[in-house]
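Asker: Please find one structure pasted underneath; my questions will follow.
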Amino acid sequence: MLEKRRYARERFDAFRKALMWEPRGHADMYGAIPTEPVSPDSRLGVLFLHNEGFSTMCGHGIIALATVAAETGLVSVSRDNPVLKIDTPAGQVEARLRLIEDRVKEVSFLNVPSFVLASDLSVDIPGLGKISVDVAFGGAFYAFCRDRDLDVRLVPEESRQIIDLGIRVKRAVEEAIPIRHPDDPDLSFLYGTIIVGDAVDSAHHSRNVCIFADGELDRSPTGTGVSARAAIHFERGDLGLNEPFAVESLLGTVFKGRVAAVTTVGPYAAVIPEVTGSAHITGRHEFLMDPDDPLLRGFLLK
């Protein structure tokens, strides 16, 4: 799947821009391209795309793709056989669908092994000073920090400030430490920043907001981010095996996470996270590309 991703980056980047950028998309658009699988027991492969390029793994993308695949008949899934294995550039994930009258009510997926790269790293953020961050992998690498350290509230009204701060933290961490995955250099990059704060609903563990790629703000709680947080909390001892925790997004939507198993990735202790959420089909669209259109390749205003 990493070879497919490299091929798409080299050959199809113009199509990515045309679909993700305006006038067909927008600065925060995200996409998933189903492909043939590469593993003998997988039903689908998938490439993920965004405003900057092609990502390696996406939790909300898996939940959405599994829902679309089942409800449109792209693959056959039933209550007797609700498991859908999907190949991603970060590895194979296993989605389990909860079906009610042929509708997908919920999707839980076992993600790729997730681990902590750095804990309590002190970085100097321009305009803010030094803050403490954790760096962890959940299908992609993220820098994790607290809202109080950035003096920001995790509410929609502060989304522009959240994006600016997320970009500044990402750049500072990239300058502070090398980001290396022990298995593949194609996974060795910092994808984004996740800012963590208190939950609005006291029944939930916390709220977080992810700023990734070229300043995109995730509308979901971020499945790969919840996976990386499971590794962080498990390593610290404040989350046990199979202990659930619920994470809010900026919009108040929720993903549930848990550590389903423990493993290793190279020299790192790692976990197999499970993330649960839901998706809903909002429409079907046919994109047209007129070769005479001067904006055929798309444009981006932020």
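If you're wondering about the labels, chains in the structure tokens are A, B, ... by order shown, residues count from 1 in each chain, ligands from 1 in order shown.
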Any chance you could tabulate, as CSV, the residues of region 102-163 of chain A at most 10 Å from region 187-194 of chain A with each one's nearest atom pair and distance in Å to one decimal, using only C-alpha atoms, in chain and rising number order?

Answerer:
```
residue,atom,partner,partner_atom,distance
A:Val133,CA,A:Thr193,CA,9.6
A:Asp134,CA,A:Ile194,CA,9.8
A:Val135,CA,A:Leu190,CA,8.7
A:Ala136,CA,A:Leu190,CA,9.5
A:Phe137,CA,A:Leu190,CA,9.1
A:Gly139,CA,A:Leu187,CA,8.3
A:Ala140,CA,A:Tyr191,CA,6.1
A:Phe141,CA,A:Leu190,CA,5.0
A:Tyr142,CA,A:Gly192,CA,5.0
A:Ala143,CA,A:Thr193,CA,4.7
A:Phe144,CA,A:Ile194,CA,4.9
A:Cys145,CA,A:Ile194,CA,6.5
A:Arg146,CA,A:Ile194,CA,8.5
A:Asp147,CA,A:Ile194,CA,9.5
A:Ile162,CA,A:Ile194,CA,9.8
A:Ile163,CA,A:Thr193,CA,9.2
```

Asker: Could you please take those selected residues and save N, CA and C atoms as a compact mmCIF listing (two decimals), in the first residue's frame?

Answerer:
```txt
# COMPACT_ATOMS: atom_id res chain seq x y z
N VAL A 133 5.41 18.47 25.27
CA VAL A 133 4.63 17.71 24.30
C VAL A 133 5.02 16.24 24.37
N ASP A 134 4.10 15.38 23.96
CA ASP A 134 4.37 13.97 23.72
C ASP A 134 4.25 13.73 22.22
N VAL A 135 5.06 12.84 21.69
CA VAL A 135 4.98 12.47 20.28
C VAL A 135 4.68 10.97 20.21
N ALA A 136 3.62 10.62 19.51
CA ALA A 136 3.20 9.21 19.44
C ALA A 136 2.65 8.90 18.07
N PHE A 137 2.67 7.60 17.75
CA PHE A 137 2.23 7.09 16.45
C PHE A 137 0.95 6.28 16.62
N GLY A 139 -0.76 5.31 13.46
CA GLY A 139 -1.02 5.23 12.03
C GLY A 139 -0.36 6.40 11.33
N ALA A 140 -0.08 7.43 12.10
CA ALA A 140 0.71 8.61 11.72
C ALA A 140 1.23 9.20 13.03
N PHE A 141 2.28 10.00 12.92
CA PHE A 141 2.86 10.63 14.11
C PHE A 141 2.18 11.97 14.40
N TYR A 142 1.91 12.19 15.70
CA TYR A 142 1.34 13.45 16.15
C TYR A 142 2.12 13.98 17.34
N ALA A 143 2.12 15.31 17.48
CA ALA A 143 2.60 15.96 18.70
C ALA A 143 1.38 16.31 19.55
N PHE A 144 1.40 15.90 20.82
CA PHE A 144 0.27 16.12 21.73
C PHE A 144 0.65 17.17 22.77
N CYS A 145 -0.26 18.13 22.97
CA CYS A 145 -0.04 19.15 23.98
C CYS A 145 -1.37 19.53 24.62
N ARG A 146 -1.33 20.36 25.65
CA ARG A 146 -2.53 20.73 26.39
C ARG A 146 -3.02 22.11 25.97
N ASP A 147 -4.35 22.27 25.97
CA ASP A 147 -4.94 23.56 25.62
C ASP A 147 -4.50 24.66 26.57
N ILE A 162 -6.71 27.93 16.90
CA ILE A 162 -6.29 26.53 17.08
C ILE A 162 -5.42 26.08 15.91
N ILE A 163 -5.82 26.44 14.70
CA ILE A 163 -5.03 26.07 13.51
C ILE A 163 -3.65 26.71 13.56
```

Asker: Can you build me a table of region 98-126 of chain A residues sitting at most 9 Å from region 213-236 of chain A, with the closest atom pair per residue and its distance in Å to one decimal, using only C-alpha atoms, sorted by chain and residue number, as a tab-separated table?

Answerer:
```
residue	atom	partner	partner_atom	distance
A:Asn111	CA	A:Ser227	CA	7.3
A:Val112	CA	A:Ser227	CA	8.7
A:Pro113	CA	A:Ser227	CA	8.7
A:Ser114	CA	A:Ala228	CA	5.7
A:Phe115	CA	A:Ala231	CA	5.3
A:Val116	CA	A:Ile232	CA	6.0
A:Ser119	CA	A:Ile232	CA	8.3
```

Asker: Which of these residues is nearest to Ser42 (chain A), using only C-alpha atoms: A:Leu84, A:Ala69, A:Val104, A:Val169?

Answerer: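 Counting only C-alpha atoms, the residue closest to Ser42 (chain A) is A:Leu84.
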
Asker: Report as an MDAnalysis selection string all protein, DNA and RNA residues lying within 8 Å of Ser132 (chain A), evaluated on only C-alpha atoms, omitting residues in the same chain fewer than 4 positions from it.

Answerer: chainID A and resid 120:123 145

Asker: Write a file of the just-selected residues containing C-alpha atoms, as a PDB file, in the first residue's frame.

Answerer:
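Listed below is the output, out.pdb:
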```pdb
ATOM      1  CA  ASP A 120       7.406  15.193  28.061  1.00  0.00           C
ATOM      2  CA  LEU A 121       9.514  16.783  25.336  1.00  0.00           C
ATOM      3  CA  SER A 122      10.200  20.471  25.986  1.00  0.00           C
ATOM      4  CA  VAL A 123       9.861  22.603  22.857  1.00  0.00           C
ATOM      5  CA  CYS A 145      -0.036  19.149  23.985  1.00  0.00           C
TER       6      CYS A 145
END
```
